[in-house]
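Colleague: Would you mind keeping the following structure in view while I ask a few things?
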Amino acid sequence: MKLLITGGAGFIGSHVVRLFVTKYPEYQIYNLDALTYAGNLANLSDIEHLPNYTFIKGDITDAKFLEDMFAELELDGVIHLAAESHVDRSITDPMSFVMTNVVGTVNLLNAAKNSWASSASGFEGKRFYHVSTDEVFGSLHNPEDFFTEETAYDPQSPYSASKAASDHFVRAYGNTYKLPVVLSNCSNNYGPNHFPEKLIPLMIHNIQTSKPLPVYGKGENVRDWLFVVDHARAIDAVFHKGKEGETYNIGGFNEWKNIDIVNLLCQIMDRKLGRPEGTSAQLITYVTDRAGHDLRYAIDAHKIMNELGWEPSLQFEEGLEKTVDWFLSNQTWLDNVTSGAYQSYYQGMYTNR
Ligand code: NAD
Ligand code: TYD
């Protein structure tokens, strides 16, 4: 199996690459990443020497580059994670989300379709997997409701609109050209390598450095959190066992209000940093709400659990402890990210294509 994983230098992609490279030594894994601000090859420093792993620096908005790469590599599968992923950035710069998430995804679909259609085996044994988000379903207002695979799309932010558009294109290629596609929509991830612009790593970093903890609005918004390694395990299950043309929702049945997470992190960090109880909570600062802030996300994950036998391995409190421990013992990673040093650190260690 020659497998392309896009966005493998990012948060979730790095865990997917690590899982596939180590679990399937017989696979040849190609990690295609443009190394935007969110891409960090240090996320893969422990596996980059393995013989079945190759890094390719490239941009999915470049159709010609993708066409040449597909012709050269003769790939069997694609797991597509490369994306602009932060809602706040999508509010200030929607067009970069259109370019990478929509145009980039269609470029990748075209490259896969054209290269596979002209190969001797055609689409036989090929698979295009799009990794997406539960944010495409919009916001839940009734406490009894969950997002299922049948929930109608109702994206509310430029980020979720771009991911919804890319999901539609993936399904359209499955329907129109019979490209063998599969999709998943996952809830909020947390864990090691999480870029400190997102809620949990930002709070960990700010608590550590005694900076204000910016809670949007009243902190009442609810997210459904899943440990990133459990998402990677789910991606493995969907890629290998998911039915062609189907979608799988992935989540941990683990809903938390933002303010409760921030308070829990304050307690954990006070204990780990040896600060008197209640010290970090004094840093909590309520700030202007995010524009169009979705109230609640909650995934019904019964389909993947019942049909593919996947289930989360970690309870949230345990996962959060692990995450805090990772950030505290990987200070260099965090320092390099916050100083920007990570963007030049690995220059020269790969060949630009
Ligand atoms: P991330 O921002 O940490 O990483 C994205 C990666 O894509 C980076 O390495 C970046 O360099 C790369 N990239 C960006 N633009 C590119 C381009 N034009 N060409 C090639 N590479 C490019 O994102 P993440 O949080 O790891 O999310 C990965 C995927 O999972 C995304 O598709 C996202 O929509 C989806 N997702 C994320 C979450 C979450 O909680 N983070 C939840 C569900 C689904
Ligand atoms: P985030 O990690 O950006 O993920 P998403 O917007 O994709 O769910 O935000 C998670 C929640 O935390 C969301 O409701 C917005 C909120 N939030 C804050 O209150 N303060 C912050 O500084 C950030 C980054 C997010």
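Letters A, B, ... mark the chains of the structure tokens in the order given; residue numbers begin at 1 per chain; ligand numbers begin at 1, in order shown.
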Dump as JSON lines the rows for residues of chain A within 6 Å of ligand 1: closest atom pair and distance in Å with one decimal, only C-alpha atoms and all ligand atoms counted, ordered by chain and rising residue number.

Modeller:
{"residue": "A:Gly7", "atom": "CA", "partner": "ligand 1", "partner_atom_place_in_ligand_line": "7 (O)", "distance": 3.6}
{"residue": "A:Gly8", "atom": "CA", "partner": "ligand 1", "partner_atom_place_in_ligand_line": "9 (O)", "distance": 5.7}
{"residue": "A:Ala9", "atom": "CA", "partner": "ligand 1", "partner_atom_place_in_ligand_line": "9 (O)", "distance": 4.0}
{"residue": "A:Gly10", "atom": "CA", "partner": "ligand 1", "partner_atom_place_in_ligand_line": "9 (O)", "distance": 3.2}
{"residue": "A:Phe11", "atom": "CA", "partner": "ligand 1", "partner_atom_place_in_ligand_line": "26 (O)", "distance": 3.7}
{"residue": "A:Ile12", "atom": "CA", "partner": "ligand 1", "partner_atom_place_in_ligand_line": "26 (O)", "distance": 3.6}
{"residue": "A:Gly13", "atom": "CA", "partner": "ligand 1", "partner_atom_place_in_ligand_line": "26 (O)", "distance": 5.3}
{"residue": "A:Asp33", "atom": "CA", "partner": "ligand 1", "partner_atom_place_in_ligand_line": "21 (N)", "distance": 3.8}
{"residue": "A:Ala34", "atom": "CA", "partner": "ligand 1", "partner_atom_place_in_ligand_line": "20 (C)", "distance": 3.9}
{"residue": "A:Leu35", "atom": "CA", "partner": "ligand 1", "partner_atom_place_in_ligand_line": "11 (O)", "distance": 3.7}
{"residue": "A:Thr36", "atom": "CA", "partner": "ligand 1", "partner_atom_place_in_ligand_line": "11 (O)", "distance": 3.9}
{"residue": "A:Ala38", "atom": "CA", "partner": "ligand 1", "partner_atom_place_in_ligand_line": "8 (C)", "distance": 4.5}
{"residue": "A:Gly39", "atom": "CA", "partner": "ligand 1", "partner_atom_place_in_ligand_line": "9 (O)", "distance": 3.2}
{"residue": "A:Gly58", "atom": "CA", "partner": "ligand 1", "partner_atom_place_in_ligand_line": "20 (C)", "distance": 5.8}
{"residue": "A:Asp59", "atom": "CA", "partner": "ligand 1", "partner_atom_place_in_ligand_line": "19 (N)", "distance": 3.5}
{"residue": "A:Ile60", "atom": "CA", "partner": "ligand 1", "partner_atom_place_in_ligand_line": "19 (N)", "distance": 4.1}
{"residue": "A:Thr61", "atom": "CA", "partner": "ligand 1", "partner_atom_place_in_ligand_line": "18 (N)", "distance": 5.3}
{"residue": "A:Leu81", "atom": "CA", "partner": "ligand 1", "partner_atom_place_in_ligand_line": "32 (O)", "distance": 4.1}
{"residue": "A:Ala82", "atom": "CA", "partner": "ligand 1", "partner_atom_place_in_ligand_line": "7 (O)", "distance": 3.5}
{"residue": "A:Ala83", "atom": "CA", "partner": "ligand 1", "partner_atom_place_in_ligand_line": "14 (C)", "distance": 4.5}
{"residue": "A:Glu84", "atom": "CA", "partner": "ligand 1", "partner_atom_place_in_ligand_line": "14 (C)", "distance": 5.2}
{"residue": "A:Ser85", "atom": "CA", "partner": "ligand 1", "partner_atom_place_in_ligand_line": "2 (O)", "distance": 4.6}
{"residue": "A:Thr100", "atom": "CA", "partner": "ligand 1", "partner_atom_place_in_ligand_line": "18 (N)", "distance": 4.5}
{"residue": "A:Val131", "atom": "CA", "partner": "ligand 1", "partner_atom_place_in_ligand_line": "32 (O)", "distance": 5.5}
{"residue": "A:Ser132", "atom": "CA", "partner": "ligand 1", "partner_atom_place_in_ligand_line": "44 (C)", "distance": 4.6}
{"residue": "A:Thr133", "atom": "CA", "partner": "ligand 1", "partner_atom_place_in_ligand_line": "44 (C)", "distance": 3.8}
{"residue": "A:Cys186", "atom": "CA", "partner": "ligand 1", "partner_atom_place_in_ligand_line": "43 (C)", "distance": 4.3}
{"residue": "A:Ser187", "atom": "CA", "partner": "ligand 1", "partner_atom_place_in_ligand_line": "42 (C)", "distance": 5.1}
{"residue": "A:Asn188", "atom": "CA", "partner": "ligand 1", "partner_atom_place_in_ligand_line": "40 (O)", "distance": 3.6}
{"residue": "A:Asn189", "atom": "CA", "partner": "ligand 1", "partner_atom_place_in_ligand_line": "40 (O)", "distance": 3.8}

Colleague: Keeping only N, CA and C atoms, write those residues as a PDB file, in the first residue's frame.

Modeller:
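Once written, out.pdb looks like this:
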ATOM      1  N   GLY A   7      -1.423  16.921   5.385  1.00  0.00           N
ATOM      2  CA  GLY A   7      -1.516  17.630   6.669  1.00  0.00           C
ATOM      3  C   GLY A   7      -0.882  16.870   7.816  1.00  0.00           C
ATOM      4  N   GLY A   8       0.061  15.987   7.501  1.00  0.00           N
ATOM      5  CA  GLY A   8       0.661  15.122   8.515  1.00  0.00           C
ATOM      6  C   GLY A   8       1.593  15.828   9.480  1.00  0.00           C
ATOM      7  N   ALA A   9       1.968  17.089   9.181  1.00  0.00           N
ATOM      8  CA  ALA A   9       2.816  17.823  10.132  1.00  0.00           C
ATOM      9  C   ALA A   9       1.987  18.615  11.139  1.00  0.00           C
ATOM     10  N   GLY A  10       0.665  18.567  10.987  1.00  0.00           N
ATOM     11  CA  GLY A  10      -0.215  19.294  11.902  1.00  0.00           C
ATOM     12  C   GLY A  10      -0.546  18.459  13.134  1.00  0.00           C
ATOM     13  N   PHE A  11      -1.511  18.943  13.873  1.00  0.00           N
ATOM     14  CA  PHE A  11      -1.865  18.333  15.161  1.00  0.00           C
ATOM     15  C   PHE A  11      -2.377  16.895  14.969  1.00  0.00           C
ATOM     16  N   ILE A  12      -3.526  16.725  14.351  1.00  0.00           N
ATOM     17  CA  ILE A  12      -4.107  15.381  14.225  1.00  0.00           C
ATOM     18  C   ILE A  12      -3.301  14.543  13.231  1.00  0.00           C
ATOM     19  N   GLY A  13      -2.902  15.190  12.117  1.00  0.00           N
ATOM     20  CA  GLY A  13      -2.167  14.464  11.083  1.00  0.00           C
ATOM     21  C   GLY A  13      -0.912  13.798  11.619  1.00  0.00           C
ATOM     22  N   ASP A  33       2.678  18.031   3.155  1.00  0.00           N
ATOM     23  CA  ASP A  33       2.285  19.167   3.998  1.00  0.00           C
ATOM     24  C   ASP A  33       2.972  20.425   3.486  1.00  0.00           C
ATOM     25  N   ALA A  34       2.236  21.543   3.498  1.00  0.00           N
ATOM     26  CA  ALA A  34       2.809  22.815   3.031  1.00  0.00           C
ATOM     27  C   ALA A  34       3.620  23.499   4.120  1.00  0.00           C
ATOM     28  N   LEU A  35       3.566  22.974   5.354  1.00  0.00           N
ATOM     29  CA  LEU A  35       4.221  23.614   6.505  1.00  0.00           C
ATOM     30  C   LEU A  35       3.790  25.072   6.628  1.00  0.00           C
ATOM     31  N   THR A  36       2.483  25.260   6.775  1.00  0.00           N
ATOM     32  CA  THR A  36       1.968  26.587   7.130  1.00  0.00           C
ATOM     33  C   THR A  36       2.338  26.826   8.588  1.00  0.00           C
ATOM     34  N   ALA A  38       0.758  26.131  11.005  1.00  0.00           N
ATOM     35  CA  ALA A  38       0.258  25.007  11.819  1.00  0.00           C
ATOM     36  C   ALA A  38       1.060  23.726  11.627  1.00  0.00           C
ATOM     37  N   GLY A  39       1.955  23.711  10.642  1.00  0.00           N
ATOM     38  CA  GLY A  39       2.728  22.500  10.363  1.00  0.00           C
ATOM     39  C   GLY A  39       4.066  22.550  11.080  1.00  0.00           C
ATOM     40  N   GLY A  58       4.671  20.384   0.041  1.00  0.00           N
ATOM     41  CA  GLY A  58       3.889  20.783  -1.122  1.00  0.00           C
ATOM     42  C   GLY A  58       2.542  21.321  -0.700  1.00  0.00           C
ATOM     43  N   ASP A  59       1.949  22.063  -1.644  1.00  0.00           N
ATOM     44  CA  ASP A  59       0.721  22.797  -1.334  1.00  0.00           C
ATOM     45  C   ASP A  59      -0.428  22.211  -2.154  1.00  0.00           C
ATOM     46  N   ILE A  60      -1.521  21.872  -1.485  1.00  0.00           N
ATOM     47  CA  ILE A  60      -2.644  21.252  -2.217  1.00  0.00           C
ATOM     48  C   ILE A  60      -3.404  22.261  -3.083  1.00  0.00           C
ATOM     49  N   THR A  61      -3.084  23.548  -2.964  1.00  0.00           N
ATOM     50  CA  THR A  61      -3.720  24.505  -3.876  1.00  0.00           C
ATOM     51  C   THR A  61      -3.022  24.496  -5.250  1.00  0.00           C
ATOM     52  N   LEU A  81      -6.132  15.267   5.452  1.00  0.00           N
ATOM     53  CA  LEU A  81      -6.359  16.084   6.650  1.00  0.00           C
ATOM     54  C   LEU A  81      -5.923  17.534   6.476  1.00  0.00           C
ATOM     55  N   ALA A  82      -5.119  17.825   5.450  1.00  0.00           N
ATOM     56  CA  ALA A  82      -4.582  19.187   5.306  1.00  0.00           C
ATOM     57  C   ALA A  82      -5.731  20.181   5.235  1.00  0.00           C
ATOM     58  N   ALA A  83      -5.648  21.205   6.055  1.00  0.00           N
ATOM     59  CA  ALA A  83      -6.715  22.206   6.077  1.00  0.00           C
ATOM     60  C   ALA A  83      -6.261  23.405   6.878  1.00  0.00           C
ATOM     61  N   GLU A  84      -6.943  24.525   6.650  1.00  0.00           N
ATOM     62  CA  GLU A  84      -6.925  25.615   7.622  1.00  0.00           C
ATOM     63  C   GLU A  84      -7.968  25.213   8.650  1.00  0.00           C
ATOM     64  N   SER A  85      -7.604  25.245   9.959  1.00  0.00           N
ATOM     65  CA  SER A  85      -8.450  24.566  10.940  1.00  0.00           C
ATOM     66  C   SER A  85      -8.967  25.448  12.076  1.00  0.00           C
ATOM     67  N   THR A 100      -7.526  26.569   0.613  1.00  0.00           N
ATOM     68  CA  THR A 100      -6.996  25.260   1.031  1.00  0.00           C
ATOM     69  C   THR A 100      -8.111  24.219   1.179  1.00  0.00           C
ATOM     70  N   VAL A 131     -11.108  13.573   6.011  1.00  0.00           N
ATOM     71  CA  VAL A 131     -11.273  13.741   7.463  1.00  0.00           C
ATOM     72  C   VAL A 131     -11.922  15.102   7.709  1.00  0.00           C
ATOM     73  N   SER A 132     -13.130  15.072   8.277  1.00  0.00           N
ATOM     74  CA  SER A 132     -13.854  16.334   8.455  1.00  0.00           C
ATOM     75  C   SER A 132     -14.311  16.510   9.904  1.00  0.00           C
ATOM     76  N   THR A 133     -15.125  17.534  10.093  1.00  0.00           N
ATOM     77  CA  THR A 133     -15.462  18.008  11.441  1.00  0.00           C
ATOM     78  C   THR A 133     -16.964  17.964  11.692  1.00  0.00           C
ATOM     79  N   CYS A 186     -15.584  14.460  12.953  1.00  0.00           N
ATOM     80  CA  CYS A 186     -15.176  14.255  14.351  1.00  0.00           C
ATOM     81  C   CYS A 186     -15.402  15.510  15.195  1.00  0.00           C
ATOM     82  N   SER A 187     -15.562  15.284  16.481  1.00  0.00           N
ATOM     83  CA  SER A 187     -15.716  16.377  17.445  1.00  0.00           C
ATOM     84  C   SER A 187     -14.347  16.987  17.774  1.00  0.00           C
ATOM     85  N   ASN A 188     -14.316  17.938  18.714  1.00  0.00           N
ATOM     86  CA  ASN A 188     -13.064  18.626  19.083  1.00  0.00           C
ATOM     87  C   ASN A 188     -12.029  17.658  19.647  1.00  0.00           C
ATOM     88  N   ASN A 189     -10.815  17.751  19.126  1.00  0.00           N
ATOM     89  CA  ASN A 189      -9.695  16.929  19.606  1.00  0.00           C
ATOM     90  C   ASN A 189      -8.851  17.720  20.598  1.00  0.00           C
TER      91      ASN A 189
END

Colleague: Run DSSP on the backbone and grab whatever in stretch 223-343 of chain A lands in helix (DSSP H, G or I); send it over as a VMD selection string.

Modeller: chain A and resid 228 to 241 258 to 273 280 to 283 302 to 308 316 to 329 331 to 339 342 to 343

Colleague: Within 9 Å of ligand 2, counting only C-alpha atoms and all ligand atoms: which residues, as a PyMOL selection string?

Modeller: chain A and resi 85-88+133+135+159-160+187-190+196-203+213-224+257-259+262+286-287+289-290+293-297

Colleague: Could you tell me how far atom CA of A:Ser166 lies from atom CA of A:Asn185, in Å and to one decimal?

Modeller: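 These two atoms are separated by 12.0 Å.
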
Colleague: Compile the contact shell of stretch 300-309 of chain A as a short mmCIF file (atom, residue, chain, number, x, y, z; two decimals) with N, CA and C atoms, in the first residue's frame: residues with an atom at most 6 Å away, counting only C-alpha atoms, same-chain residues fewer than 5 positions apart removed.

Modeller:
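The result, written out as out.cif:
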data_model
loop_
_atom_site.label_atom_id
_atom_site.label_comp_id
_atom_site.auth_asym_id
_atom_site.auth_seq_id
_atom_site.Cartn_x
_atom_site.Cartn_y
_atom_site.Cartn_z
N PHE A 146 -28.37 15.27 19.27
CA PHE A 146 -26.99 14.92 18.93
C PHE A 146 -26.84 14.99 17.41
N PHE A 147 -25.62 15.19 16.94
CA PHE A 147 -25.37 15.09 15.49
C PHE A 147 -25.27 13.62 15.12
N THR A 148 -26.10 13.16 14.18
CA THR A 148 -25.94 11.82 13.63
C THR A 148 -25.46 11.97 12.19
N TYR A 248 -18.85 8.43 8.77
CA TYR A 248 -18.86 7.99 10.17
C TYR A 248 -18.65 9.19 11.08
N ASN A 249 -19.53 9.37 12.06
CA ASN A 249 -19.32 10.40 13.08
C ASN A 249 -18.41 9.84 14.16
N ILE A 250 -17.47 10.66 14.61
CA ILE A 250 -16.51 10.22 15.64
C ILE A 250 -16.57 11.18 16.82
N GLY A 251 -16.77 10.64 18.01
CA GLY A 251 -16.82 11.49 19.20
C GLY A 251 -16.77 10.64 20.45
#

Colleague: Can you write out as CSV which residues of stretch 299-342 of chain A fall within 10 Å of stretch 267-276 of chain A, alongside each residue's closest atom pair and its distance in Å to one decimal, counting only C-alpha atoms and ordering rows by chain and ascending residue number?

Modeller:
residue,atom,partner,partner_atom,distance
A:Glu317,CA,A:Ile268,CA,9.6
A:Leu320,CA,A:Ile268,CA,8.7
A:Glu321,CA,A:Ile268,CA,7.2
A:Val324,CA,A:Met269,CA,7.6
A:Asp325,CA,A:Lys272,CA,8.5
A:Leu328,CA,A:Lys272,CA,9.0

Colleague: Measuring atom to atom with only C-alpha atoms, identify which of A:Asp145, A:Thr105, A:Asp154, A:Trp116 is nearest to A:Thr6.

Modeller: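 The answer is A:Thr105, which sits nearest to A:Thr6.
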
Colleague: Name all residues at most 9 Å from A:Lys2 (count only C-alpha atoms; drop same-chain ones fewer than 4 positions away) and give them as a tab-separated table (two decimals) with all heavy atoms, in the first residue's frame.

Modeller:
chain	number	residue	atom	x	y	z
A	27	TYR	N	3.47	-0.65	4.77
A	27	TYR	CA	2.95	0.46	3.96
A	27	TYR	C	4.07	1.46	3.70
A	27	TYR	O	4.91	1.69	4.57
A	27	TYR	CB	1.84	1.22	4.67
A	27	TYR	CG	0.51	0.53	4.82
A	27	TYR	CD1	0.33	-0.81	4.50
A	27	TYR	CD2	-0.59	1.24	5.30
A	27	TYR	CE1	-0.91	-1.43	4.66
A	27	TYR	CE2	-1.83	0.63	5.47
A	27	TYR	CZ	-1.98	-0.70	5.15
A	27	TYR	OH	-3.20	-1.29	5.32
A	28	GLN	N	4.01	2.11	2.54
A	28	GLN	CA	4.88	3.26	2.28
A	28	GLN	C	4.03	4.50	2.54
A	28	GLN	O	3.00	4.70	1.87
A	28	GLN	CB	5.34	3.18	0.82
A	28	GLN	CG	6.66	3.83	0.53
A	28	GLN	CD	7.79	3.38	1.45
A	28	GLN	OE1	7.98	2.20	1.66
A	28	GLN	NE2	8.52	4.33	2.03
A	29	ILE	N	4.41	5.29	3.54
A	29	ILE	CA	3.58	6.45	3.92
A	29	ILE	C	4.25	7.73	3.43
A	29	ILE	O	5.41	8.01	3.76
A	29	ILE	CB	3.43	6.55	5.46
A	29	ILE	CG1	2.93	5.23	6.07
A	29	ILE	CG2	2.54	7.74	5.84
A	29	ILE	CD1	1.51	4.88	5.80
A	30	TYR	N	3.51	8.53	2.68
A	30	TYR	CA	3.98	9.84	2.22
A	30	TYR	C	3.18	10.92	2.94
A	30	TYR	O	1.94	10.94	2.83
A	30	TYR	CB	3.78	9.98	0.70
A	30	TYR	CG	4.55	8.94	-0.08
A	30	TYR	CD1	3.96	7.73	-0.45
A	30	TYR	CD2	5.89	9.16	-0.42
A	30	TYR	CE1	4.67	6.77	-1.14
A	30	TYR	CE2	6.60	8.21	-1.12
A	30	TYR	CZ	5.99	7.02	-1.47
A	30	TYR	OH	6.70	6.06	-2.15
A	73	LEU	N	4.21	8.81	-7.86
A	73	LEU	CA	4.16	7.91	-6.70
A	73	LEU	C	3.28	6.68	-6.89
A	73	LEU	O	3.42	5.70	-6.17
A	73	LEU	CB	3.69	8.68	-5.46
A	73	LEU	CG	4.60	9.81	-4.96
A	73	LEU	CD1	4.04	10.44	-3.70
A	73	LEU	CD2	6.02	9.30	-4.70
A	74	GLU	N	2.34	6.72	-7.81
A	74	GLU	CA	1.40	5.60	-8.02
A	74	GLU	C	0.76	5.17	-6.70
A	74	GLU	O	0.91	4.04	-6.23
A	74	GLU	CB	2.12	4.42	-8.70
A	74	GLU	CG	2.65	4.81	-10.07
A	74	GLU	CD	3.37	3.67	-10.78
A	74	GLU	OE1	3.69	2.66	-10.13
A	74	GLU	OE2	3.59	3.81	-11.99
A	75	LEU	N	0.02	6.10	-6.13
A	75	LEU	CA	-0.58	5.90	-4.80
A	75	LEU	C	-1.79	4.97	-4.87
A	75	LEU	O	-2.49	4.92	-5.88
A	75	LEU	CB	-1.02	7.25	-4.24
A	75	LEU	CG	0.12	8.26	-4.02
A	75	LEU	CD1	-0.41	9.69	-3.96
A	75	LEU	CD2	0.88	7.90	-2.75
A	76	ASP	N	-2.04	4.29	-3.74
A	76	ASP	CA	-3.26	3.46	-3.63
A	76	ASP	C	-4.33	4.13	-2.79
A	76	ASP	O	-5.51	3.82	-2.91
A	76	ASP	CB	-2.93	2.12	-2.95
A	76	ASP	CG	-1.80	1.39	-3.64
A	76	ASP	OD1	-1.98	1.04	-4.81
A	76	ASP	OD2	-0.73	1.20	-3.01
A	77	GLY	N	-3.89	5.00	-1.88
A	77	GLY	CA	-4.87	5.61	-0.97
A	77	GLY	C	-4.47	7.00	-0.55
A	77	GLY	O	-3.30	7.39	-0.65
A	78	VAL	N	-5.49	7.76	-0.13
A	78	VAL	CA	-5.28	9.11	0.37
A	78	VAL	C	-6.07	9.26	1.67
A	78	VAL	O	-7.24	8.88	1.72
A	78	VAL	CB	-5.79	10.18	-0.63
A	78	VAL	CG1	-5.65	11.59	-0.04
A	78	VAL	CG2	-5.09	10.10	-1.96

Colleague: Can you work out which one of A:Val182, A:Ala42, A:Ala341, A:Leu226 has the shortest atom-to-atom distance to A:Ser14, counting only C-alpha atoms?

Modeller: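 Once distances to A:Ser14 are computed over only C-alpha atoms, the minimum belongs to A:Ala42.
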
Colleague: So which residues touch A:Phe20 within 12 Å, counting only C-alpha atoms, skipping near sequence neighbours fewer than 4 positions away, as a PyMOL selection string?

Modeller: chain A and resi 1-5+8+13-16+24-31+47+50+52-53+79+229+232-237+239-240
